[in-house]
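The file input_10.pdb comes next; it holds PDB, C-alpha atoms.
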MODEL        1
ATOM      1  CA  MET X   4      58.175  34.420   1.983
ATOM      2  CA  SER X   5      55.075  34.652   4.200
ATOM      3  CA  ALA X   6      53.161  31.501   5.147
ATOM      4  CA  GLN X   7      49.854  30.858   3.351
ATOM      5  CA  PRO X   8      46.791  30.967   5.652
ATOM      6  CA  GLN X   9      45.099  27.594   6.195
ATOM      7  CA  LEU X  10      41.373  27.471   5.446
ATOM      8  CA  ALA X  11      39.094  25.368   7.621
ATOM      9  CA  PRO X  12      37.013  22.818   5.640
ATOM     10  CA  ALA X  13      33.443  23.918   4.992
ATOM     11  CA  ALA X  14      30.816  22.271   7.144
ATOM     12  CA  VAL X  15      28.769  19.644   5.325
ATOM     13  CA  ALA X  16      25.060  19.704   6.001
ATOM     14  CA  PRO X  17      23.746  16.357   7.246
ATOM     15  CA  LYS X  18      21.577  14.456   4.786
ATOM     16  CA  THR X  19      17.960  13.850   5.701
ATOM     17  CA  VAL X  20      16.790  10.302   5.056
ATOM     18  CA  LEU X  21      13.086   9.996   4.366
ATOM     19  CA  ALA X  22      11.379   6.873   5.628
ATOM     20  CA  SER X  23       9.244   4.942   3.183
ATOM     21  CA  THR X  24       5.541   5.478   3.717
ATOM     22  CA  ASN X  25       4.793   1.868   2.795
ATOM     23  CA  PRO X  26       7.473  -0.319   4.433
ATOM     24  CA  ALA X  27       7.403  -3.857   3.183
ATOM     25  CA  PRO X  28       7.413  -6.606   5.831
ATOM     26  CA  ALA X  29      10.794  -8.119   6.598
ATOM     27  CA  LEU X  30      11.373 -11.335   4.716
ATOM     28  CA  ALA X  31      12.871 -14.231   6.570
ATOM     29  CA  SER X  32      15.961 -15.753   4.867
ATOM     30  CA  VAL X  33      15.179 -14.957   1.216
ATOM     31  CA  PRO X  34      17.349 -16.947  -1.248
ATOM     32  CA  SER X  35      19.203 -14.888  -3.835
ATOM     33  CA  ASP X  36      17.444 -16.757  -6.653
ATOM     34  CA  ALA X  37      13.933 -16.518  -5.139
ATOM     35  CA  TYR X  38      11.129 -15.440  -7.470
ATOM     36  CA  VAL X  39       9.665 -12.035  -6.561
ATOM     37  CA  HIS X  40       6.163 -10.887  -7.580
ATOM     38  CA  PHE X  41       5.179  -7.197  -7.730
ATOM     39  CA  ILE X  42       1.590  -6.680  -6.545
ATOM     40  CA  ALA X  43      -0.569  -4.945  -9.170
ATOM     41  CA  SER X  44      -3.787  -2.980  -8.719
ATOM     42  CA  GLY X  45      -6.794  -5.238  -8.104
ATOM     43  CA  GLU X  46      -4.717  -8.251  -7.004
ATOM     44  CA  SER X  47      -5.119 -10.049  -3.697
ATOM     45  CA  LEU X  48      -3.089 -12.838  -2.087
ATOM     46  CA  TYR X  49      -5.976 -15.117  -3.059
ATOM     47  CA  THR X  50      -5.521 -14.494  -6.817
ATOM     48  CA  ILE X  51      -1.713 -14.437  -6.581
ATOM     49  CA  ALA X  52      -1.671 -17.788  -4.760
ATOM     50  CA  ARG X  53      -3.840 -19.345  -7.500
ATOM     51  CA  LEU X  54      -1.586 -17.888 -10.181
ATOM     52  CA  TYR X  55       1.446 -19.722  -8.787
ATOM     53  CA  ASN X  56      -0.396 -22.815  -7.508
ATOM     54  CA  VAL X  57       0.569 -22.212  -3.856
ATOM     55  CA  THR X  58      -1.476 -21.420  -0.778
ATOM     56  CA  ALA X  59      -2.060 -17.874   0.422
ATOM     57  CA  GLN X  60      -0.876 -18.916   3.889
ATOM     58  CA  ALA X  61       2.435 -20.091   2.391
ATOM     59  CA  ILE X  62       2.958 -16.621   0.885
ATOM     60  CA  VAL X  63       2.061 -14.985   4.224
ATOM     61  CA  SER X  64       4.603 -17.169   6.073
ATOM     62  CA  ALA X  65       7.358 -16.751   3.471
ATOM     63  CA  ASN X  66       7.068 -12.962   3.616
ATOM     64  CA  GLY X  67       6.651 -12.523   7.360
ATOM     65  CA  MET X  68       3.253 -10.883   6.958
ATOM     66  CA  SER X  69       0.994 -10.288   9.942
ATOM     67  CA  SER X  70      -2.183 -10.492   7.840
ATOM     68  CA  PRO X  71      -3.064 -11.459   4.226
ATOM     69  CA  ASP X  72      -5.099  -8.246   3.947
ATOM     70  CA  LYS X  73      -2.190  -5.862   4.604
ATOM     71  CA  ILE X  74      -0.718  -5.547   1.100
ATOM     72  CA  PHE X  75      -0.293  -2.591  -1.231
ATOM     73  CA  VAL X  76       0.207  -1.924  -4.928
ATOM     74  CA  GLY X  77       3.876  -2.190  -5.929
ATOM     75  CA  GLN X  78       4.824  -4.347  -2.946
ATOM     76  CA  LYS X  79       7.410  -7.061  -3.644
ATOM     77  CA  ILE X  80       6.569 -10.518  -2.291
ATOM     78  CA  VAL X  81       8.513 -13.776  -2.517
ATOM     79  CA  ILE X  82       6.680 -16.763  -4.002
ATOM     80  CA  PRO X  83       7.667 -19.827  -1.943
ATOM     81  CA  GLY X  84       8.900 -22.891  -3.801
ATOM     82  CA  MET X  85       9.755 -20.989  -7.003
ATOM     83  CA  LYS X  86      13.154 -19.993  -8.377
ATOM     84  CA  GLY X  87      13.948 -16.811 -10.289
ATOM     85  CA  SER X  88      13.121 -18.448 -13.624
ATOM     86  CA  GLY X  89       9.937 -20.114 -12.433
ATOM     87  CA  ALA X  90       7.462 -17.410 -13.354
ATOM     88  CA  PRO X  91       4.145 -18.583 -14.836
ATOM     89  CA  LYS X  92       3.915 -18.329 -18.622
ATOM     90  CA  SER X  93       0.772 -16.732 -19.974
ATOM     91  CA  GLU X  94       1.060 -18.577 -23.264
ATOM     92  CA  LEU X  95       0.475 -21.929 -21.571
ATOM     93  CA  LYS X  96      -3.188 -22.867 -21.942
ATOM     94  CA  THR X  97      -3.052 -25.850 -19.575
ATOM     95  CA  PRO X  98      -1.811 -25.090 -16.044
ATOM     96  CA  THR X  99       0.897 -27.279 -14.525
ATOM     97  CA  VAL X 100      -0.616 -29.856 -12.195
ATOM     98  CA  THR X 101       2.438 -30.470 -10.011
ATOM     99  CA  ALA X 102       4.575 -27.778  -8.413
ATOM    100  CA  THR X 103       8.391 -27.937  -8.162
ATOM    101  CA  LEU X 104       9.507 -28.218  -4.557
ATOM    102  CA  PRO X 105      12.445 -26.095  -3.357
ATOM    103  CA  GLU X 106      15.751 -27.858  -2.647
ATOM    104  CA  SER X 107      16.007 -26.510   0.891
ATOM    105  CA  LYS X 108      13.821 -27.887   3.674
ATOM    106  CA  PRO X 109      10.487 -26.038   3.394
ATOM    107  CA  THR X 110       8.570 -24.622   6.316
ATOM    108  CA  GLN X 111       5.374 -26.280   7.502
ATOM    109  CA  ALA X 112       3.193 -23.572   5.912
ATOM    110  CA  ALA X 113       4.946 -23.911   2.550
ATOM    111  CA  THR X 114       4.418 -27.679   2.413
ATOM    112  CA  GLN X 115       0.629 -27.566   2.440
ATOM    113  CA  ALA X 116      -0.437 -29.690  -0.498
ATOM    114  CA  PRO X 117      -2.892 -28.296  -3.023
ATOM    115  CA  THR X 118      -6.416 -29.622  -2.663
ATOM    116  CA  VAL X 119      -6.951 -32.738  -4.768
ATOM    117  CA  VAL X 120     -10.412 -33.841  -5.891
ATOM    118  CA  ALA X 121     -11.101 -37.509  -6.523
ATOM    119  CA  GLU X 122     -12.094 -38.453 -10.056
ATOM    120  CA  VAL X 123     -15.847 -38.801 -10.527
ATOM    121  CA  ALA X 124     -18.161 -39.353 -13.438
ATOM    122  CA  PRO X 125     -18.446 -36.352 -15.785
ATOM    123  CA  ASN X 126     -22.119 -35.810 -14.970
ATOM    124  CA  GLU X 127     -21.406 -35.195 -11.280
ATOM    125  CA  SER X 128     -20.987 -31.799  -9.650
ATOM    126  CA  THR X 129     -17.204 -31.565  -9.389
ATOM    127  CA  PRO X 130     -15.648 -29.077  -6.920
ATOM    128  CA  ILE X 131     -12.731 -27.152  -8.365
ATOM    129  CA  ALA X 132      -9.283 -27.822  -6.869
ATOM    130  CA  SER X 133      -6.417 -25.306  -6.913
ATOM    131  CA  PRO X 134      -7.361 -23.379 -10.080
ATOM    132  CA  LYS X 135      -4.891 -20.869 -11.586
ATOM    133  CA  LEU X 136      -5.628 -17.393 -12.807
ATOM    134  CA  ILE X 137      -4.357 -17.234 -16.395
ATOM    135  CA  GLU X 138      -2.817 -13.951 -17.532
ATOM    136  CA  THR X 139      -4.380 -12.589 -20.704
ATOM    137  CA  ASP X 140      -4.503  -9.289 -22.581
ATOM    138  CA  THR X 141      -8.268  -8.980 -22.303
ATOM    139  CA  PRO X 142      -9.832  -5.824 -20.815
ATOM    140  CA  VAL X 143     -10.804  -7.654 -17.616
ATOM    141  CA  ASN X 144      -7.161  -7.536 -16.474
ATOM    142  CA  LYS X 145      -6.741  -3.764 -16.794
ATOM    143  CA  PRO X 146      -5.967  -1.911 -13.523
ATOM    144  CA  LEU X 147      -8.985  -1.611 -11.244
ATOM    145  CA  VAL X 148     -10.523   1.876 -11.352
ATOM    146  CA  GLN X 149     -11.423   3.054  -7.869
ATOM    147  CA  PRO X 150     -15.016   4.364  -7.536
ATOM    148  CA  LYS X 151     -15.694   7.977  -6.620
ATOM    149  CA  ALA X 152     -17.359   6.805  -3.410
ATOM    150  CA  GLU X 153     -16.353   3.573  -1.660
ATOM    151  CA  PRO X 154     -19.221   1.039  -1.418
ATOM    152  CA  LYS X 155     -20.921   0.750   1.960
ATOM    153  CA  LEU X 156     -22.648  -2.268   3.474
ATOM    154  CA  SER X 157     -26.400  -2.533   3.037
ATOM    155  CA  GLY X 158     -26.961  -2.856   6.768
ATOM    156  CA  ALA X 159     -28.215  -6.458   6.606
ATOM    157  CA  ASP X 160     -26.851  -8.865   9.194
ATOM    158  CA  LYS X 161     -25.960 -11.566   6.668
ATOM    159  CA  PHE X 162     -25.254 -12.041   2.966
ATOM    160  CA  ARG X 163     -28.189 -12.876   0.694
ATOM    161  CA  TRP X 164     -28.372 -16.089  -1.303
ATOM    162  CA  PRO X 165     -27.073 -15.409  -4.827
ATOM    163  CA  VAL X 166     -29.609 -17.743  -6.423
ATOM    164  CA  SER X 167     -32.519 -19.924  -5.286
ATOM    165  CA  GLY X 168     -31.925 -23.655  -5.413
ATOM    166  CA  ARG X 169     -30.820 -26.809  -3.655
ATOM    167  CA  VAL X 170     -27.247 -27.096  -2.384
ATOM    168  CA  ILE X 171     -25.814 -30.067  -4.276
ATOM    169  CA  THR X 172     -22.217 -29.739  -2.999
ATOM    170  CA  ASP X 173     -21.606 -28.418   0.522
ATOM    171  CA  PHE X 174     -18.445 -26.782   1.857
ATOM    172  CA  ALA X 175     -16.937 -30.016   3.165
ATOM    173  CA  ASN X 176     -17.508 -31.945  -0.061
ATOM    174  CA  SER X 177     -16.051 -29.077  -2.105
ATOM    175  CA  LYS X 178     -12.780 -29.606  -0.212
ATOM    176  CA  GLY X 179     -13.217 -26.330   1.618
ATOM    177  CA  THR X 180     -13.732 -23.985  -1.335
ATOM    178  CA  GLY X 181     -17.445 -23.106  -1.359
ATOM    179  CA  ILE X 182     -20.855 -24.545  -2.250
ATOM    180  CA  ASN X 183     -22.607 -25.525  -5.479
ATOM    181  CA  ILE X 184     -26.263 -24.521  -5.853
ATOM    182  CA  GLU X 185     -28.505 -26.223  -8.392
ATOM    183  CA  ALA X 186     -30.312 -23.652 -10.563
ATOM    184  CA  PRO X 187     -32.098 -23.597 -13.923
ATOM    185  CA  GLU X 188     -29.946 -22.434 -16.792
ATOM    186  CA  GLY X 189     -30.465 -18.714 -17.269
ATOM    187  CA  ALA X 190     -31.692 -18.062 -13.707
ATOM    188  CA  ALA X 191     -30.605 -14.638 -12.436
ATOM    189  CA  VAL X 192     -27.535 -14.648 -10.180
ATOM    190  CA  ARG X 193     -27.468 -11.704  -7.763
ATOM    191  CA  ALA X 194     -24.785  -9.950  -5.713
ATOM    192  CA  ALA X 195     -24.725 -11.237  -2.139
ATOM    193  CA  GLU X 196     -23.906  -7.770  -0.741
ATOM    194  CA  ASN X 197     -22.878  -4.271  -1.807
ATOM    195  CA  GLY X 198     -19.374  -4.108  -3.260
ATOM    196  CA  GLN X 199     -17.113  -3.552  -6.256
ATOM    197  CA  VAL X 200     -16.519  -6.039  -9.072
ATOM    198  CA  ILE X 201     -12.796  -6.895  -9.137
ATOM    199  CA  TYR X 202     -12.770  -9.680 -11.753
ATOM    200  CA  VAL X 203     -14.915 -10.690 -14.721
ATOM    201  CA  GLY X 204     -13.728 -13.422 -17.054
ATOM    202  CA  SER X 205     -13.058 -17.094 -17.658
ATOM    203  CA  GLY X 206      -9.345 -17.274 -16.889
ATOM    204  CA  VAL X 207      -9.574 -19.502 -13.802
ATOM    205  CA  GLU X 208      -9.287 -23.145 -14.812
ATOM    206  CA  GLY X 209     -12.479 -25.134 -14.142
ATOM    207  CA  TYR X 210     -14.567 -22.160 -12.990
ATOM    208  CA  GLY X 211     -15.911 -21.153 -16.404
ATOM    209  CA  ASN X 212     -17.393 -17.646 -16.484
ATOM    210  CA  LEU X 213     -16.493 -16.111 -13.130
ATOM    211  CA  VAL X 214     -17.296 -12.862 -11.279
ATOM    212  CA  LEU X 215     -15.499 -11.728  -8.092
ATOM    213  CA  ILE X 216     -16.922  -8.961  -5.880
ATOM    214  CA  ARG X 217     -14.996  -7.279  -3.059
ATOM    215  CA  HIS X 218     -17.190  -6.157  -0.143
ATOM    216  CA  PRO X 219     -16.564  -3.365   2.413
ATOM    217  CA  ASN X 220     -16.464  -5.865   5.297
ATOM    218  CA  GLY X 221     -13.303  -7.562   3.979
ATOM    219  CA  PHE X 222     -15.048 -10.471   2.243
ATOM    220  CA  VAL X 223     -14.732 -11.425  -1.425
ATOM    221  CA  SER X 224     -17.585 -13.368  -3.035
ATOM    222  CA  ALA X 225     -17.139 -15.573  -6.105
ATOM    223  CA  TYR X 226     -19.784 -16.658  -8.619
ATOM    224  CA  ALA X 227     -18.711 -19.378 -11.085
ATOM    225  CA  HIS X 228     -20.095 -21.469 -13.989
ATOM    226  CA  LEU X 229     -22.154 -18.488 -15.193
ATOM    227  CA  LYS X 230     -23.873 -18.679 -18.571
ATOM    228  CA  ASP X 231     -23.323 -14.958 -19.107
ATOM    229  CA  MET X 232     -22.028 -11.984 -17.105
ATOM    230  CA  SER X 233     -23.785  -8.602 -17.015
ATOM    231  CA  VAL X 234     -21.207  -6.574 -15.068
ATOM    232  CA  ALA X 235     -17.732  -5.241 -15.837
ATOM    233  CA  LYS X 236     -14.587  -4.983 -13.755
ATOM    234  CA  GLY X 237     -14.746  -1.854 -11.609
ATOM    235  CA  ASP X 238     -18.558  -1.712 -11.447
ATOM    236  CA  VAL X 239     -20.100  -0.916  -8.066
ATOM    237  CA  VAL X 240     -23.052  -3.220  -7.369
ATOM    238  CA  ASN X 241     -25.728  -3.258  -4.722
ATOM    239  CA  ARG X 242     -27.067  -6.215  -2.765
ATOM    240  CA  GLY X 243     -29.488  -8.114  -5.021
ATOM    241  CA  ASP X 244     -28.271  -6.622  -8.320
ATOM    242  CA  SER X 245     -28.142  -9.125 -11.173
ATOM    243  CA  ILE X 246     -24.554  -9.891 -12.173
ATOM    244  CA  GLY X 247     -25.258 -12.685 -14.672
ATOM    245  CA  SER X 248     -27.149 -15.934 -15.082
ATOM    246  CA  ALA X 249     -26.633 -19.521 -13.960
ATOM    247  CA  GLY X 250     -25.050 -21.865 -16.461
ATOM    248  CA  MET X 251     -22.757 -24.838 -16.894
ATOM    249  CA  THR X 252     -19.476 -23.326 -18.080
ATOM    250  CA  GLY X 253     -16.206 -24.698 -16.705
ATOM    251  CA  GLY X 254     -15.857 -28.111 -15.076
ATOM    252  CA  VAL X 255     -19.527 -29.035 -14.655
ATOM    253  CA  SER X 256     -22.054 -30.780 -16.888
ATOM    254  CA  ARG X 257     -25.370 -29.444 -15.525
ATOM    255  CA  PRO X 258     -26.597 -25.921 -14.699
ATOM    256  CA  GLN X 259     -25.510 -24.686 -11.281
ATOM    257  CA  LEU X 260     -23.740 -21.881  -9.439
ATOM    258  CA  HIS X 261     -20.475 -22.373  -7.560
ATOM    259  CA  PHE X 262     -20.465 -19.757  -4.779
ATOM    260  CA  GLU X 263     -17.574 -18.849  -2.488
ATOM    261  CA  LEU X 264     -17.006 -16.429   0.375
ATOM    262  CA  ARG X 265     -13.450 -15.588   1.374
ATOM    263  CA  LYS X 266     -12.312 -13.492   4.319
ATOM    264  CA  GLY X 267      -9.182 -11.974   2.842
ATOM    265  CA  ALA X 268      -7.525 -15.007   1.266
ATOM    266  CA  THR X 269      -9.187 -17.635   3.481
ATOM    267  CA  PRO X 270     -12.253 -19.536   2.218
ATOM    268  CA  VAL X 271     -15.080 -19.908   4.737
ATOM    269  CA  ASP X 272     -18.295 -21.927   4.738
ATOM    270  CA  PRO X 273     -20.831 -19.484   3.236
ATOM    271  CA  VAL X 274     -23.989 -21.204   4.508
ATOM    272  CA  PRO X 275     -23.851 -19.886   8.122
ATOM    273  CA  LEU X 276     -23.239 -16.385   6.712
ATOM    274  CA  LEU X 277     -26.254 -16.455   4.367
ATOM    275  CA  ALA X 278     -29.662 -15.174   5.421
ATOM    276  CA  SER X 279     -32.191 -17.948   5.972
TER     277      SER X 279
ENDMDL
END

The structure in this file should be written as structure tokens.
Amino acid sequence: MSAQPQLAPAAVAPKTVLASTNPAPALASVPSDAYVHFIASGESLYTIARLYNVTAQAIVSANGMSSPDKIFVGQKIVIPGMKGSGAPKSELKTPTVTATLPESKPTQAATQAPTVVAEVAPNESTPIASPKLIETDTPVNKPLVQPKAEPKLSGADKFRWPVSGRVITDFANSKGTGINIEAPEGAAVRAAENGQVIYVGSGVEGYGNLVLIRHPNGFVSAYAHLKDMSVAKGDVVNRGDSIGSAGMTGGVSRPQLHFELRKGATPVDPVPLLAS
């Protein structure tokens, strides 16, 4: 009986591994029960931090990010100080005032306490401290539609004042959030610079009717306590366009505009950046 010929095993082609085009930053020591948030279109670390009542810097530190501006849609980020079951509940109308601290020793960035405002008489101009963005099913929270042409800066050296009036709460007295400008009820509030509207609504506790505009230079401007709003999410506005009118919605008892400028997720004093 003749021996059967032995066949050499067929060569297996090596597999090609494709690198992800959007690598997420390496997370430092993530607990297995940590709460993970998926970034949606139109969100920034600023709005996410308010949603979970933490600071944007704490999120940056917990996720090993190099900059709060370098995020992308679909990215997974860990929310410091929250467990897997600690997601915010949209059905709660009143946000939780105190946050649950993690059992392990937190980092210095994660232990930054939320800004606390001393109690004052109701007729005073009260700066807003650590508001939360409340999830709703209203059209303002639909994905942001990108414009056909990205907005460009007007060419002016500084932002324009959104409304004429006396500053009744400066940046320091607002606990580092923005300024409050006294204005007659119904006075036109105007965009401080060219940009795209990324939020229109009243879901941020204490801010009342609120409009957020993202500008091409990396700033986001906020206009709060509006009586009414004349723009929609996704609109492209030009410097000086009317976006609504001054009012007294939210946590104030007299007509005024609360105005903020944020570079990425960091609030800055708007007055030096406004044209004289």

Starting from the shown file, work through the PyMOL selection byres ((chain X and resi 217) around 9) and note down what comes out as an mmCIF file with C-alpha atoms, in the coordinates of the input.
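File selection_15.cif, as written:
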data_model
loop_
_atom_site.group_PDB
_atom_site.id
_atom_site.type_symbol
_atom_site.label_atom_id
_atom_site.label_comp_id
_atom_site.auth_asym_id
_atom_site.auth_seq_id
_atom_site.Cartn_x
_atom_site.Cartn_y
_atom_site.Cartn_z
ATOM 1 C CA ASN X 197 -22.878 -4.271 -1.807
ATOM 2 C CA GLY X 198 -19.374 -4.108 -3.260
ATOM 3 C CA GLN X 199 -17.113 -3.552 -6.256
ATOM 4 C CA VAL X 200 -16.519 -6.039 -9.072
ATOM 5 C CA ILE X 201 -12.796 -6.895 -9.137
ATOM 6 C CA LEU X 215 -15.499 -11.728 -8.092
ATOM 7 C CA ILE X 216 -16.922 -8.961 -5.880
ATOM 8 C CA HIS X 218 -17.190 -6.157 -0.143
ATOM 9 C CA PRO X 219 -16.564 -3.365 2.413
ATOM 10 C CA ASN X 220 -16.464 -5.865 5.297
ATOM 11 C CA GLY X 221 -13.303 -7.562 3.979
ATOM 12 C CA PHE X 222 -15.048 -10.471 2.243
ATOM 13 C CA VAL X 223 -14.732 -11.425 -1.425
ATOM 14 C CA SER X 224 -17.585 -13.368 -3.035
#

Using the chain letters and numbers from this file, what does the PyMOL selection byres ((chain X and resi 241) around 8) select? Give the answer as an NGL selection string. :X and (157 or 194 or 196-198 or 239-240 or 242-244)

Could you write out the selected residues, including C-alpha atoms, as a PDB file, in the frame of the given file?
ATOM      1  CA  SER X 157     -26.400  -2.533   3.037  1.00  0.00           C
ATOM      2  CA  ALA X 194     -24.785  -9.950  -5.713  1.00  0.00           C
ATOM      3  CA  GLU X 196     -23.906  -7.770  -0.741  1.00  0.00           C
ATOM      4  CA  ASN X 197     -22.878  -4.271  -1.807  1.00  0.00           C
ATOM      5  CA  GLY X 198     -19.374  -4.108  -3.260  1.00  0.00           C
ATOM      6  CA  VAL X 239     -20.100  -0.916  -8.066  1.00  0.00           C
ATOM      7  CA  VAL X 240     -23.052  -3.220  -7.369  1.00  0.00           C
ATOM      8  CA  ARG X 242     -27.067  -6.215  -2.765  1.00  0.00           C
ATOM      9  CA  GLY X 243     -29.488  -8.114  -5.021  1.00  0.00           C
ATOM     10  CA  ASP X 244     -28.271  -6.622  -8.320  1.00  0.00           C
TER      11      ASP X 244
END

If I wrap all listed atoms of segment 76-79 of chain X in a box with edges along x, y and z and add 3 Å on each side, what are its centre and edge lengths in Å to one decimal, as JSON?
{"center_x": 3.8, "center_y": -4.5, "center_z": -4.4, "size_x": 13.2, "size_y": 11.1, "size_z": 9.0}

Judged by only C-alpha atoms, the minimum distance to Pro273 of chain X among X:Ala175, X:His228, X:Leu213, X:Tyr202 is found for X:Ala175

Counting only C-alpha atoms, what is within 9 Å of Ile74 of chain X, bar same-chain residues fewer than 4 positions away, as a PyMOL selection string? chain X and resi 27+42+47-48+68+70+78

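For the pair atom CA of Gly45 of chain X and atom CA of Ser248 of chain X, the interatomic distance is 24.0 Å.
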
Which polymer residues, whether protein, DNA or RNA, lie within 12 Å of the coordinate (-29.1, -23.2, -6.3) when you count all atoms listed in the file? List them as a count of residues only, using the chain letters and numbers from the file. 33

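The environment of Val214 of chain X within 9 Å, counting all atoms listed in the file and disregarding residues fewer than 5 places along the same chain, consists of X:Val200, X:Ile201, X:Tyr202, X:Val203, X:Gly204, X:Ser205, X:Ser224, X:Ala225, X:Tyr226, X:Ala227, X:Leu229, X:Met232, X:Val234, X:Ala235, X:Lys236, X:Ile246, X:Gly247.
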
Measure the distance from atom CA of Tyr49 of chain X to atom CA of Ser69 of chain X in Å and round it to one decimal. 15.5 Å

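If you look at atom CA of Asn66 of chain X and atom CA of Val81 of chain X, they are 6.4 Å away from each other.
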
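Considering all atoms listed in the file, the residue among X:Gly211, X:Gly237, X:Gly181, X:Gly206 positioned nearest to Leu264 of chain X is X:Gly181.
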
Hey, what comes out of the PyMOL selection byres ((chain X and resi 179) around 10) on this file? Could you write it as a VMD selection string? chain X and resid 118 130 132 173 to 178 180 to 182 263 269 to 272

9 Å contact set for Ala43 of chain X, all atoms listed in the file, chain neighbours under 3 positions out, as a list in words: Glu46, Ser47, Phe75, Val76, Gly77, Gln78 and Pro146 of chain X
